[in-house]
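J.: If it helps, the file is called target.pdb and holds PDB, N, CA and C atoms, pLDDT in the B column:
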```
ATOM      1  N   MET Z   1     115.345  21.071 -25.865  1.00 55.00           N
ATOM      2  CA  MET Z   1     115.278  20.499 -24.531  1.00 55.00           C
ATOM      3  C   MET Z   1     114.977  19.001 -24.649  1.00 55.00           C
ATOM      4  N   LEU Z   2     115.844  18.173 -24.095  1.00 61.00           N
ATOM      5  CA  LEU Z   2     115.643  16.729 -24.114  1.00 61.00           C
ATOM      6  C   LEU Z   2     114.953  16.325 -22.825  1.00 61.00           C
ATOM      7  N   ASN Z   3     113.753  15.808 -22.951  1.00 83.00           N
ATOM      8  CA  ASN Z   3     113.033  15.475 -21.727  1.00 83.00           C
ATOM      9  C   ASN Z   3     112.351  14.122 -21.756  1.00 83.00           C
ATOM     10  N   VAL Z   4     112.550  13.355 -22.820  1.00 92.00           N
ATOM     11  CA  VAL Z   4     111.956  12.035 -22.899  1.00 92.00           C
ATOM     12  C   VAL Z   4     113.084  11.026 -23.110  1.00 92.00           C
ATOM     13  N   GLU Z   5     112.936   9.849 -22.507  1.00 95.00           N
ATOM     14  CA  GLU Z   5     113.957   8.806 -22.607  1.00 95.00           C
ATOM     15  C   GLU Z   5     113.300   7.498 -23.030  1.00 95.00           C
ATOM     16  N   ALA Z   6     114.070   6.674 -23.741  1.00 97.00           N
ATOM     17  CA  ALA Z   6     113.552   5.366 -24.139  1.00 97.00           C
ATOM     18  C   ALA Z   6     114.695   4.373 -24.265  1.00 97.00           C
ATOM     19  N   TYR Z   7     114.339   3.119 -24.111  1.00 98.00           N
ATOM     20  CA  TYR Z   7     115.251   2.007 -24.364  1.00 98.00           C
ATOM     21  C   TYR Z   7     114.746   1.304 -25.615  1.00 98.00           C
ATOM     22  N   ILE Z   8     115.649   1.050 -26.530  1.00 97.00           N
ATOM     23  CA  ILE Z   8     115.290   0.402 -27.786  1.00 97.00           C
ATOM     24  C   ILE Z   8     115.996  -0.943 -27.821  1.00 97.00           C
ATOM     25  N   PHE Z   9     115.209  -1.990 -27.943  1.00 98.00           N
ATOM     26  CA  PHE Z   9     115.699  -3.365 -27.943  1.00 98.00           C
ATOM     27  C   PHE Z   9     115.711  -3.862 -29.386  1.00 98.00           C
ATOM     28  N   ILE Z  10     116.826  -4.434 -29.804  1.00 97.00           N
ATOM     29  CA  ILE Z  10     117.009  -4.785 -31.205  1.00 97.00           C
ATOM     30  C   ILE Z  10     117.385  -6.250 -31.353  1.00 97.00           C
ATOM     31  N   ASN Z  11     116.750  -6.918 -32.305  1.00 97.00           N
ATOM     32  CA  ASN Z  11     117.180  -8.234 -32.753  1.00 97.00           C
ATOM     33  C   ASN Z  11     117.892  -8.040 -34.082  1.00 97.00           C
ATOM     34  N   SER Z  12     119.019  -8.721 -34.225  1.00 96.00           N
ATOM     35  CA  SER Z  12     119.834  -8.535 -35.426  1.00 96.00           C
ATOM     36  C   SER Z  12     120.034  -9.849 -36.169  1.00 96.00           C
ATOM     37  N   ASP Z  13     120.471  -9.708 -37.405  1.00 96.00           N
ATOM     38  CA  ASP Z  13     120.897 -10.868 -38.169  1.00 96.00           C
ATOM     39  C   ASP Z  13     122.160 -11.423 -37.512  1.00 96.00           C
ATOM     40  N   PRO Z  14     122.437 -12.710 -37.688  1.00 95.00           N
ATOM     41  CA  PRO Z  14     123.655 -13.301 -37.122  1.00 95.00           C
ATOM     42  C   PRO Z  14     124.908 -12.532 -37.561  1.00 95.00           C
ATOM     43  N   GLY Z  15     125.779 -12.277 -36.592  1.00 93.00           N
ATOM     44  CA  GLY Z  15     127.044 -11.614 -36.867  1.00 93.00           C
ATOM     45  C   GLY Z  15     126.977 -10.107 -37.043  1.00 93.00           C
ATOM     46  N   MET Z  16     125.805  -9.496 -36.832  1.00 95.00           N
ATOM     47  CA  MET Z  16     125.658  -8.053 -37.088  1.00 95.00           C
ATOM     48  C   MET Z  16     125.572  -7.201 -35.825  1.00 95.00           C
ATOM     49  N   LEU Z  17     125.552  -7.825 -34.646  1.00 91.00           N
ATOM     50  CA  LEU Z  17     125.293  -7.027 -33.449  1.00 91.00           C
ATOM     51  C   LEU Z  17     126.342  -5.958 -33.197  1.00 91.00           C
ATOM     52  N   TRP Z  18     127.612  -6.225 -33.463  1.00 96.00           N
ATOM     53  CA  TRP Z  18     128.638  -5.208 -33.212  1.00 96.00           C
ATOM     54  C   TRP Z  18     128.533  -4.061 -34.204  1.00 96.00           C
ATOM     55  N   LYS Z  19     128.228  -4.359 -35.457  1.00 95.00           N
ATOM     56  CA  LYS Z  19     128.074  -3.304 -36.462  1.00 95.00           C
ATOM     57  C   LYS Z  19     126.874  -2.424 -36.141  1.00 95.00           C
ATOM     58  N   ILE Z  20     125.792  -3.033 -35.685  1.00 94.00           N
ATOM     59  CA  ILE Z  20     124.608  -2.254 -35.313  1.00 94.00           C
ATOM     60  C   ILE Z  20     124.894  -1.388 -34.099  1.00 94.00           C
ATOM     61  N   THR Z  21     125.582  -1.949 -33.115  1.00 95.00           N
ATOM     62  CA  THR Z  21     125.930  -1.187 -31.917  1.00 95.00           C
ATOM     63  C   THR Z  21     126.770   0.030 -32.280  1.00 95.00           C
ATOM     64  N   GLU Z  22     127.790  -0.163 -33.093  1.00 94.00           N
ATOM     65  CA  GLU Z  22     128.664   0.947 -33.504  1.00 94.00           C
ATOM     66  C   GLU Z  22     127.906   1.971 -34.340  1.00 94.00           C
ATOM     67  N   ALA Z  23     127.082   1.511 -35.270  1.00 92.00           N
ATOM     68  CA  ALA Z  23     126.325   2.427 -36.121  1.00 92.00           C
ATOM     69  C   ALA Z  23     125.355   3.264 -35.297  1.00 92.00           C
ATOM     70  N   ALA Z  24     124.731   2.661 -34.293  1.00 91.00           N
ATOM     71  CA  ALA Z  24     123.779   3.394 -33.452  1.00 91.00           C
ATOM     72  C   ALA Z  24     124.457   4.561 -32.765  1.00 91.00           C
ATOM     73  N   LEU Z  25     125.642   4.322 -32.238  1.00 93.00           N
ATOM     74  CA  LEU Z  25     126.353   5.373 -31.507  1.00 93.00           C
ATOM     75  C   LEU Z  25     126.887   6.460 -32.436  1.00 93.00           C
ATOM     76  N   LYS Z  26     127.293   6.086 -33.622  1.00 92.00           N
ATOM     77  CA  LYS Z  26     127.911   7.045 -34.544  1.00 92.00           C
ATOM     78  C   LYS Z  26     126.901   7.778 -35.417  1.00 92.00           C
ATOM     79  N   MET Z  27     125.791   7.130 -35.770  1.00 92.00           N
ATOM     80  CA  MET Z  27     124.944   7.655 -36.831  1.00 92.00           C
ATOM     81  C   MET Z  27     123.549   8.105 -36.408  1.00 92.00           C
ATOM     82  N   ILE Z  28     123.131   7.766 -35.206  1.00 95.00           N
ATOM     83  CA  ILE Z  28     121.759   8.085 -34.823  1.00 95.00           C
ATOM     84  C   ILE Z  28     121.770   9.129 -33.708  1.00 95.00           C
ATOM     85  N   GLU Z  29     121.353  10.321 -34.068  1.00 94.00           N
ATOM     86  CA  GLU Z  29     121.312  11.416 -33.099  1.00 94.00           C
ATOM     87  C   GLU Z  29     120.325  11.087 -31.986  1.00 94.00           C
ATOM     88  N   GLY Z  30     120.726  11.323 -30.758  1.00 95.00           N
ATOM     89  CA  GLY Z  30     119.887  11.045 -29.598  1.00 95.00           C
ATOM     90  C   GLY Z  30     120.271   9.768 -28.878  1.00 95.00           C
ATOM     91  N   VAL Z  31     120.973   8.855 -29.560  1.00 96.00           N
ATOM     92  CA  VAL Z  31     121.407   7.620 -28.913  1.00 96.00           C
ATOM     93  C   VAL Z  31     122.607   7.936 -28.033  1.00 96.00           C
ATOM     94  N   LYS Z  32     122.463   7.695 -26.748  1.00 96.00           N
ATOM     95  CA  LYS Z  32     123.521   8.002 -25.777  1.00 96.00           C
ATOM     96  C   LYS Z  32     124.353   6.778 -25.424  1.00 96.00           C
ATOM     97  N   MET Z  33     123.739   5.601 -25.461  1.00 96.00           N
ATOM     98  CA  MET Z  33     124.440   4.349 -25.168  1.00 96.00           C
ATOM     99  C   MET Z  33     123.849   3.255 -26.036  1.00 96.00           C
ATOM    100  N   ALA Z  34     124.694   2.312 -26.412  1.00 96.00           N
ATOM    101  CA  ALA Z  34     124.228   1.116 -27.117  1.00 96.00           C
ATOM    102  C   ALA Z  34     125.159  -0.015 -26.720  1.00 96.00           C
ATOM    103  N   HIS Z  35     124.575  -1.144 -26.358  1.00 96.00           N
ATOM    104  CA  HIS Z  35     125.363  -2.278 -25.894  1.00 96.00           C
ATOM    105  C   HIS Z  35     124.911  -3.557 -26.579  1.00 96.00           C
ATOM    106  N   ALA Z  36     125.861  -4.353 -27.019  1.00 95.00           N
ATOM    107  CA  ALA Z  36     125.577  -5.722 -27.424  1.00 95.00           C
ATOM    108  C   ALA Z  36     125.339  -6.497 -26.134  1.00 95.00           C
ATOM    109  N   VAL Z  37     124.275  -7.302 -26.101  1.00 96.00           N
ATOM    110  CA  VAL Z  37     123.897  -7.991 -24.868  1.00 96.00           C
ATOM    111  C   VAL Z  37     123.567  -9.452 -25.152  1.00 96.00           C
ATOM    112  N   THR Z  38     123.487 -10.225 -24.081  1.00 95.00           N
ATOM    113  CA  THR Z  38     123.040 -11.607 -24.181  1.00 95.00           C
ATOM    114  C   THR Z  38     121.550 -11.660 -23.860  1.00 95.00           C
ATOM    115  N   GLY Z  39     120.916 -12.754 -24.228  1.00 95.00           N
ATOM    116  CA  GLY Z  39     119.511 -12.928 -23.889  1.00 95.00           C
ATOM    117  C   GLY Z  39     118.606 -12.787 -25.090  1.00 95.00           C
ATOM    118  N   GLN Z  40     117.386 -12.355 -24.840  1.00 96.00           N
ATOM    119  CA  GLN Z  40     116.341 -12.282 -25.859  1.00 96.00           C
ATOM    120  C   GLN Z  40     116.678 -11.294 -26.974  1.00 96.00           C
ATOM    121  N   PHE Z  41     117.405 -10.234 -26.645  1.00 97.00           N
ATOM    122  CA  PHE Z  41     117.748  -9.202 -27.625  1.00 97.00           C
ATOM    123  C   PHE Z  41     119.244  -9.230 -27.879  1.00 97.00           C
ATOM    124  N   ASP Z  42     119.658  -8.635 -28.988  1.00 97.00           N
ATOM    125  CA  ASP Z  42     121.072  -8.603 -29.350  1.00 97.00           C
ATOM    126  C   ASP Z  42     121.727  -7.274 -28.991  1.00 97.00           C
ATOM    127  N   VAL Z  43     120.970  -6.189 -29.097  1.00 97.00           N
ATOM    128  CA  VAL Z  43     121.484  -4.850 -28.799  1.00 97.00           C
ATOM    129  C   VAL Z  43     120.413  -4.121 -28.003  1.00 97.00           C
ATOM    130  N   ILE Z  44     120.852  -3.367 -26.990  1.00 97.00           N
ATOM    131  CA  ILE Z  44     119.963  -2.465 -26.268  1.00 97.00           C
ATOM    132  C   ILE Z  44     120.573  -1.078 -26.345  1.00 97.00           C
ATOM    133  N   ALA Z  45     119.760  -0.112 -26.779  1.00 97.00           N
ATOM    134  CA  ALA Z  45     120.217   1.271 -26.898  1.00 97.00           C
ATOM    135  C   ALA Z  45     119.380   2.154 -25.978  1.00 97.00           C
ATOM    136  N   TYR Z  46     120.019   3.217 -25.498  1.00 97.00           N
ATOM    137  CA  TYR Z  46     119.342   4.220 -24.677  1.00 97.00           C
ATOM    138  C   TYR Z  46     119.358   5.522 -25.457  1.00 97.00           C
ATOM    139  N   ALA Z  47     118.198   6.166 -25.567  1.00 96.00           N
ATOM    140  CA  ALA Z  47     118.109   7.417 -26.323  1.00 96.00           C
ATOM    141  C   ALA Z  47     117.400   8.486 -25.508  1.00 96.00           C
ATOM    142  N   GLU Z  48     117.792   9.729 -25.750  1.00 95.00           N
ATOM    143  CA  GLU Z  48     117.128  10.902 -25.180  1.00 95.00           C
ATOM    144  C   GLU Z  48     116.668  11.772 -26.342  1.00 95.00           C
ATOM    145  N   PHE Z  49     115.471  12.346 -26.203  1.00 95.00           N
ATOM    146  CA  PHE Z  49     114.901  13.108 -27.306  1.00 95.00           C
ATOM    147  C   PHE Z  49     113.853  14.071 -26.767  1.00 95.00           C
ATOM    148  N   ALA Z  50     113.409  14.990 -27.620  1.00 93.00           N
ATOM    149  CA  ALA Z  50     112.528  16.066 -27.182  1.00 93.00           C
ATOM    150  C   ALA Z  50     111.051  15.694 -27.209  1.00 93.00           C
ATOM    151  N   ASN Z  51     110.646  14.844 -28.153  1.00 93.00           N
ATOM    152  CA  ASN Z  51     109.221  14.531 -28.293  1.00 93.00           C
ATOM    153  C   ASN Z  51     109.060  13.211 -29.044  1.00 93.00           C
ATOM    154  N   MET Z  52     107.823  12.767 -29.167  1.00 92.00           N
ATOM    155  CA  MET Z  52     107.569  11.468 -29.777  1.00 92.00           C
ATOM    156  C   MET Z  52     107.885  11.454 -31.272  1.00 92.00           C
ATOM    157  N   ASP Z  53     107.801  12.589 -31.934  1.00 95.00           N
ATOM    158  CA  ASP Z  53     108.197  12.653 -33.344  1.00 95.00           C
ATOM    159  C   ASP Z  53     109.683  12.349 -33.489  1.00 95.00           C
ATOM    160  N   ALA Z  54     110.488  12.874 -32.559  1.00 94.00           N
ATOM    161  CA  ALA Z  54     111.930  12.602 -32.590  1.00 94.00           C
ATOM    162  C   ALA Z  54     112.195  11.123 -32.326  1.00 94.00           C
ATOM    163  N   LEU Z  55     111.418  10.514 -31.430  1.00 95.00           N
ATOM    164  CA  LEU Z  55     111.573   9.078 -31.185  1.00 95.00           C
ATOM    165  C   LEU Z  55     111.231   8.273 -32.441  1.00 95.00           C
ATOM    166  N   ALA Z  56     110.181   8.641 -33.125  1.00 96.00           N
ATOM    167  CA  ALA Z  56     109.810   7.949 -34.361  1.00 96.00           C
ATOM    168  C   ALA Z  56     110.959   8.015 -35.364  1.00 96.00           C
ATOM    169  N   ASN Z  57     111.632   9.142 -35.439  1.00 96.00           N
ATOM    170  CA  ASN Z  57     112.780   9.301 -36.335  1.00 96.00           C
ATOM    171  C   ASN Z  57     113.926   8.371 -35.927  1.00 96.00           C
ATOM    172  N   ILE Z  58     114.188   8.274 -34.631  1.00 96.00           N
ATOM    173  CA  ILE Z  58     115.244   7.388 -34.133  1.00 96.00           C
ATOM    174  C   ILE Z  58     114.918   5.938 -34.480  1.00 96.00           C
ATOM    175  N   ILE Z  59     113.680   5.536 -34.261  1.00 96.00           N
ATOM    176  CA  ILE Z  59     113.269   4.159 -34.553  1.00 96.00           C
ATOM    177  C   ILE Z  59     113.394   3.867 -36.049  1.00 96.00           C
ATOM    178  N   GLU Z  60     112.977   4.802 -36.884  1.00 96.00           N
ATOM    179  CA  GLU Z  60     113.106   4.617 -38.338  1.00 96.00           C
ATOM    180  C   GLU Z  60     114.562   4.425 -38.740  1.00 96.00           C
ATOM    181  N   LYS Z  61     115.459   5.182 -38.105  1.00 96.00           N
ATOM    182  CA  LYS Z  61     116.882   5.050 -38.420  1.00 96.00           C
ATOM    183  C   LYS Z  61     117.406   3.680 -37.991  1.00 96.00           C
ATOM    184  N   PHE Z  62     116.987   3.203 -36.824  1.00 95.00           N
ATOM    185  CA  PHE Z  62     117.385   1.861 -36.404  1.00 95.00           C
ATOM    186  C   PHE Z  62     116.896   0.824 -37.404  1.00 95.00           C
ATOM    187  N   GLN Z  63     115.643   0.937 -37.787  1.00 95.00           N
ATOM    188  CA  GLN Z  63     115.053  -0.064 -38.669  1.00 95.00           C
ATOM    189  C   GLN Z  63     115.673  -0.049 -40.062  1.00 95.00           C
ATOM    190  N   SER Z  64     116.319   1.050 -40.420  1.00 95.00           N
ATOM    191  CA  SER Z  64     116.961   1.121 -41.734  1.00 95.00           C
ATOM    192  C   SER Z  64     118.400   0.598 -41.718  1.00 95.00           C
ATOM    193  N   LEU Z  65     118.953   0.326 -40.522  1.00 95.00           N
ATOM    194  CA  LEU Z  65     120.312  -0.199 -40.448  1.00 95.00           C
ATOM    195  C   LEU Z  65     120.362  -1.623 -40.996  1.00 95.00           C
ATOM    196  N   LYS Z  66     121.376  -1.892 -41.769  1.00 95.00           N
ATOM    197  CA  LYS Z  66     121.561  -3.237 -42.306  1.00 95.00           C
ATOM    198  C   LYS Z  66     121.736  -4.223 -41.152  1.00 95.00           C
ATOM    199  N   GLY Z  67     120.983  -5.313 -41.187  1.00 96.00           N
ATOM    200  CA  GLY Z  67     121.103  -6.349 -40.176  1.00 96.00           C
ATOM    201  C   GLY Z  67     120.086  -6.271 -39.054  1.00 96.00           C
ATOM    202  N   VAL Z  68     119.298  -5.195 -38.990  1.00 97.00           N
ATOM    203  CA  VAL Z  68     118.266  -5.096 -37.954  1.00 97.00           C
ATOM    204  C   VAL Z  68     117.041  -5.873 -38.419  1.00 97.00           C
ATOM    205  N   GLN Z  69     116.635  -6.838 -37.611  1.00 97.00           N
ATOM    206  CA  GLN Z  69     115.447  -7.626 -37.923  1.00 97.00           C
ATOM    207  C   GLN Z  69     114.187  -6.991 -37.346  1.00 97.00           C
ATOM    208  N   ARG Z  70     114.279  -6.564 -36.081  1.00 97.00           N
ATOM    209  CA  ARG Z  70     113.100  -6.090 -35.360  1.00 97.00           C
ATOM    210  C   ARG Z  70     113.536  -5.190 -34.217  1.00 97.00           C
ATOM    211  N   THR Z  71     112.677  -4.228 -33.876  1.00 97.00           N
ATOM    212  CA  THR Z  71     112.930  -3.376 -32.718  1.00 97.00           C
ATOM    213  C   THR Z  71     111.706  -3.377 -31.804  1.00 97.00           C
ATOM    214  N   TRP Z  72     111.962  -3.194 -30.530  1.00 97.00           N
ATOM    215  CA  TRP Z  72     110.934  -2.961 -29.513  1.00 97.00           C
ATOM    216  C   TRP Z  72     111.385  -1.740 -28.738  1.00 97.00           C
ATOM    217  N   THR Z  73     110.448  -0.895 -28.366  1.00 97.00           N
ATOM    218  CA  THR Z  73     110.794   0.343 -27.680  1.00 97.00           C
ATOM    219  C   THR Z  73     110.024   0.456 -26.372  1.00 97.00           C
ATOM    220  N   ALA Z  74     110.744   0.830 -25.319  1.00 97.00           N
ATOM    221  CA  ALA Z  74     110.132   1.085 -24.017  1.00 97.00           C
ATOM    222  C   ALA Z  74     110.441   2.531 -23.644  1.00 97.00           C
ATOM    223  N   VAL Z  75     109.406   3.358 -23.603  1.00 96.00           N
ATOM    224  CA  VAL Z  75     109.554   4.767 -23.229  1.00 96.00           C
ATOM    225  C   VAL Z  75     109.539   4.838 -21.708  1.00 96.00           C
ATOM    226  N   ALA Z  76     110.520   5.531 -21.147  1.00 94.00           N
ATOM    227  CA  ALA Z  76     110.613   5.672 -19.686  1.00 94.00           C
ATOM    228  C   ALA Z  76     109.508   6.605 -19.188  1.00 94.00           C
ATOM    229  N   ILE Z  77     108.885   6.201 -18.101  1.00 89.00           N
ATOM    230  CA  ILE Z  77     107.853   7.019 -17.477  1.00 89.00           C
ATOM    231  C   ILE Z  77     108.525   7.931 -16.456  1.00 89.00           C
ATOM    232  N   PRO Z  78     108.297   9.255 -16.555  1.00 81.00           N
ATOM    233  CA  PRO Z  78     108.934  10.157 -15.606  1.00 81.00           C
ATOM    234  C   PRO Z  78     108.392   9.948 -14.187  1.00 81.00           C
ATOM    235  N   PRO Z  79     109.193  10.311 -13.179  1.00 79.00           N
ATOM    236  CA  PRO Z  79     108.726  10.150 -11.796  1.00 79.00           C
ATOM    237  C   PRO Z  79     107.485  11.003 -11.535  1.00 79.00           C
ATOM    238  N   ARG Z  80     106.670  10.519 -10.626  1.00 72.00           N
ATOM    239  CA  ARG Z  80     105.481  11.272 -10.226  1.00 72.00           C
ATOM    240  C   ARG Z  80     105.853  12.534  -9.483  1.00 72.00           C
ATOM    241  N   LEU Z  81     105.121  13.579  -9.772  1.00 69.00           N
ATOM    242  CA  LEU Z  81     105.279  14.809  -8.993  1.00 69.00           C
ATOM    243  C   LEU Z  81     104.356  14.724  -7.796  1.00 69.00           C
ATOM    244  N   LYS Z  82     104.858  15.113  -6.656  1.00 70.00           N
ATOM    245  CA  LYS Z  82     104.028  15.060  -5.444  1.00 70.00           C
ATOM    246  C   LYS Z  82     103.590  16.428  -5.037  1.00 70.00           C
TER     247      LYS Z  82
END
```
Please render this file's structure as structure tokens.

T.:
Amino acid sequence: MLNVEAYIFINSDPGMLWKITEAALKMIEGVKMAHAVTGQFDVIAYAEFANMDALANIIEKFQSLKGVQRTWTAVAIPPRLK
């Protein structure tokens, strides 16, 4: 059951953003979208996963990709139940 979501922001080495974007979509389970972007970050990925251990695995895989300098992760907060 996938019930947690996160956005992973990546800074890359020059000229590597497209390779990182493609690798994220093809090689990292749980990554649903990855986009090369302008601004402070080079790539933003969206991932869905079952628990925080699975997120740690996704982050480790990103950090092992050639050309990744740094990652930042924002875990989505689920809506409040009323």

J.: Considering only N, CA and C atoms, state which residue in the set Z:Ala74, Z:Val4, Z:Val37, Z:Met16 is at the smallest distance from Phe49 in chain Z.

T.: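 Using only N, CA and C atoms, the shortest distance to Phe49 in chain Z belongs to Z:Val4.
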
J.: Any idea what's packed within 6.5 Å of Met33 in chain Z, counting all atoms listed in the file, ignoring anything in its chain fewer than 5 positions away? Could you give it as number ranges by chain?

T.: Z: 25, 44-47

J.: Atoms to include: N, CA and C atoms. Write the selected residues as a PDB file, in the coordinates of the input.

T.:
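Contents of the output file part_32.pdb:
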```pdb
ATOM      1  N   LEU Z  25     125.642   4.322 -32.238  1.00 93.00           N
ATOM      2  CA  LEU Z  25     126.353   5.373 -31.507  1.00 93.00           C
ATOM      3  C   LEU Z  25     126.887   6.460 -32.436  1.00 93.00           C
ATOM      4  N   ILE Z  44     120.852  -3.367 -26.990  1.00 97.00           N
ATOM      5  CA  ILE Z  44     119.963  -2.465 -26.268  1.00 97.00           C
ATOM      6  C   ILE Z  44     120.573  -1.078 -26.345  1.00 97.00           C
ATOM      7  N   ALA Z  45     119.760  -0.112 -26.779  1.00 97.00           N
ATOM      8  CA  ALA Z  45     120.217   1.271 -26.898  1.00 97.00           C
ATOM      9  C   ALA Z  45     119.380   2.154 -25.978  1.00 97.00           C
ATOM     10  N   TYR Z  46     120.019   3.217 -25.498  1.00 97.00           N
ATOM     11  CA  TYR Z  46     119.342   4.220 -24.677  1.00 97.00           C
ATOM     12  C   TYR Z  46     119.358   5.522 -25.457  1.00 97.00           C
ATOM     13  N   ALA Z  47     118.198   6.166 -25.567  1.00 96.00           N
ATOM     14  CA  ALA Z  47     118.109   7.417 -26.323  1.00 96.00           C
ATOM     15  C   ALA Z  47     117.400   8.486 -25.508  1.00 96.00           C
TER      16      ALA Z  47
END
```

J.: What does the distance between atom C of Ile20 in chain Z and CA of Ala36 in chain Z come to in Å, to one decimal place?

T.: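 Separating atom C of Ile20 in chain Z from CA of Ala36 in chain Z is a distance of 8.0 Å.
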
J.: To test your reading of the structure, identify every residue in chain Z that backbone DSSP assigns to strand (DSSP E), and report it as an mmCIF file with N, CA and C atoms, in the frame of the given file.

T.:
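What follows is the written file result.cif:
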```cif
data_model
loop_
_atom_site.group_PDB
_atom_site.id
_atom_site.type_symbol
_atom_site.label_atom_id
_atom_site.label_comp_id
_atom_site.auth_asym_id
_atom_site.auth_seq_id
_atom_site.Cartn_x
_atom_site.Cartn_y
_atom_site.Cartn_z
ATOM 1 N N VAL Z 4 112.550 13.355 -22.820
ATOM 2 C CA VAL Z 4 111.956 12.035 -22.899
ATOM 3 C C VAL Z 4 113.084 11.026 -23.110
ATOM 4 N N GLU Z 5 112.936 9.849 -22.507
ATOM 5 C CA GLU Z 5 113.957 8.806 -22.607
ATOM 6 C C GLU Z 5 113.300 7.498 -23.030
ATOM 7 N N ALA Z 6 114.070 6.674 -23.741
ATOM 8 C CA ALA Z 6 113.552 5.366 -24.139
ATOM 9 C C ALA Z 6 114.695 4.373 -24.265
ATOM 10 N N TYR Z 7 114.339 3.119 -24.111
ATOM 11 C CA TYR Z 7 115.251 2.007 -24.364
ATOM 12 C C TYR Z 7 114.746 1.304 -25.615
ATOM 13 N N ILE Z 8 115.649 1.050 -26.530
ATOM 14 C CA ILE Z 8 115.290 0.402 -27.786
ATOM 15 C C ILE Z 8 115.996 -0.943 -27.821
ATOM 16 N N PHE Z 9 115.209 -1.990 -27.943
ATOM 17 C CA PHE Z 9 115.699 -3.365 -27.943
ATOM 18 C C PHE Z 9 115.711 -3.862 -29.386
ATOM 19 N N ILE Z 10 116.826 -4.434 -29.804
ATOM 20 C CA ILE Z 10 117.009 -4.785 -31.205
ATOM 21 C C ILE Z 10 117.385 -6.250 -31.353
ATOM 22 N N ASN Z 11 116.750 -6.918 -32.305
ATOM 23 C CA ASN Z 11 117.180 -8.234 -32.753
ATOM 24 C C ASN Z 11 117.892 -8.040 -34.082
ATOM 25 N N SER Z 12 119.019 -8.721 -34.225
ATOM 26 C CA SER Z 12 119.834 -8.535 -35.426
ATOM 27 C C SER Z 12 120.034 -9.849 -36.169
ATOM 28 N N VAL Z 31 120.973 8.855 -29.560
ATOM 29 C CA VAL Z 31 121.407 7.620 -28.913
ATOM 30 C C VAL Z 31 122.607 7.936 -28.033
ATOM 31 N N LYS Z 32 122.463 7.695 -26.748
ATOM 32 C CA LYS Z 32 123.521 8.002 -25.777
ATOM 33 C C LYS Z 32 124.353 6.778 -25.424
ATOM 34 N N MET Z 33 123.739 5.601 -25.461
ATOM 35 C CA MET Z 33 124.440 4.349 -25.168
ATOM 36 C C MET Z 33 123.849 3.255 -26.036
ATOM 37 N N ALA Z 34 124.694 2.312 -26.412
ATOM 38 C CA ALA Z 34 124.228 1.116 -27.117
ATOM 39 C C ALA Z 34 125.159 -0.015 -26.720
ATOM 40 N N HIS Z 35 124.575 -1.144 -26.358
ATOM 41 C CA HIS Z 35 125.363 -2.278 -25.894
ATOM 42 C C HIS Z 35 124.911 -3.557 -26.579
ATOM 43 N N ALA Z 36 125.861 -4.353 -27.019
ATOM 44 C CA ALA Z 36 125.577 -5.722 -27.424
ATOM 45 C C ALA Z 36 125.339 -6.497 -26.134
ATOM 46 N N VAL Z 43 120.970 -6.189 -29.097
ATOM 47 C CA VAL Z 43 121.484 -4.850 -28.799
ATOM 48 C C VAL Z 43 120.413 -4.121 -28.003
ATOM 49 N N ILE Z 44 120.852 -3.367 -26.990
ATOM 50 C CA ILE Z 44 119.963 -2.465 -26.268
ATOM 51 C C ILE Z 44 120.573 -1.078 -26.345
ATOM 52 N N ALA Z 45 119.760 -0.112 -26.779
ATOM 53 C CA ALA Z 45 120.217 1.271 -26.898
ATOM 54 C C ALA Z 45 119.380 2.154 -25.978
ATOM 55 N N TYR Z 46 120.019 3.217 -25.498
ATOM 56 C CA TYR Z 46 119.342 4.220 -24.677
ATOM 57 C C TYR Z 46 119.358 5.522 -25.457
ATOM 58 N N ALA Z 47 118.198 6.166 -25.567
ATOM 59 C CA ALA Z 47 118.109 7.417 -26.323
ATOM 60 C C ALA Z 47 117.400 8.486 -25.508
ATOM 61 N N GLU Z 48 117.792 9.729 -25.750
ATOM 62 C CA GLU Z 48 117.128 10.902 -25.180
ATOM 63 C C GLU Z 48 116.668 11.772 -26.342
ATOM 64 N N PHE Z 49 115.471 12.346 -26.203
ATOM 65 C CA PHE Z 49 114.901 13.108 -27.306
ATOM 66 C C PHE Z 49 113.853 14.071 -26.767
ATOM 67 N N VAL Z 68 119.298 -5.195 -38.990
ATOM 68 C CA VAL Z 68 118.266 -5.096 -37.954
ATOM 69 C C VAL Z 68 117.041 -5.873 -38.419
ATOM 70 N N GLN Z 69 116.635 -6.838 -37.611
ATOM 71 C CA GLN Z 69 115.447 -7.626 -37.923
ATOM 72 C C GLN Z 69 114.187 -6.991 -37.346
ATOM 73 N N ARG Z 70 114.279 -6.564 -36.081
ATOM 74 C CA ARG Z 70 113.100 -6.090 -35.360
ATOM 75 C C ARG Z 70 113.536 -5.190 -34.217
ATOM 76 N N THR Z 71 112.677 -4.228 -33.876
ATOM 77 C CA THR Z 71 112.930 -3.376 -32.718
ATOM 78 C C THR Z 71 111.706 -3.377 -31.804
ATOM 79 N N TRP Z 72 111.962 -3.194 -30.530
ATOM 80 C CA TRP Z 72 110.934 -2.961 -29.513
ATOM 81 C C TRP Z 72 111.385 -1.740 -28.738
ATOM 82 N N THR Z 73 110.448 -0.895 -28.366
ATOM 83 C CA THR Z 73 110.794 0.343 -27.680
ATOM 84 C C THR Z 73 110.024 0.456 -26.372
ATOM 85 N N ALA Z 74 110.744 0.830 -25.319
ATOM 86 C CA ALA Z 74 110.132 1.085 -24.017
ATOM 87 C C ALA Z 74 110.441 2.531 -23.644
ATOM 88 N N VAL Z 75 109.406 3.358 -23.603
ATOM 89 C CA VAL Z 75 109.554 4.767 -23.229
ATOM 90 C C VAL Z 75 109.539 4.838 -21.708
#
```

J.: From a DSSP calculation on the backbone, collect every residue of chain Z in alpha helix (DSSP H) and output the set as a PyMOL selection string.

T.: chain Z and resi 17-27+52-64

J.: Counting only C-alpha atoms, figure out which residue out of Z:Gly39, Z:Gly67, Z:Gly30, Z:Pro14 gets nearest to Ala54 in chain Z.

T.: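 Of the candidates, the smallest distance to Ala54 in chain Z is held by Z:Gly30.
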
J.: With distances taken over only N, CA and C atoms, which residue among Z:Gln69, Z:Phe62, Z:Met52, Z:Ala76 lies nearest Glu5 in chain Z?

T.: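 Distance minimum relative to Glu5 in chain Z lands on Z:Ala76.
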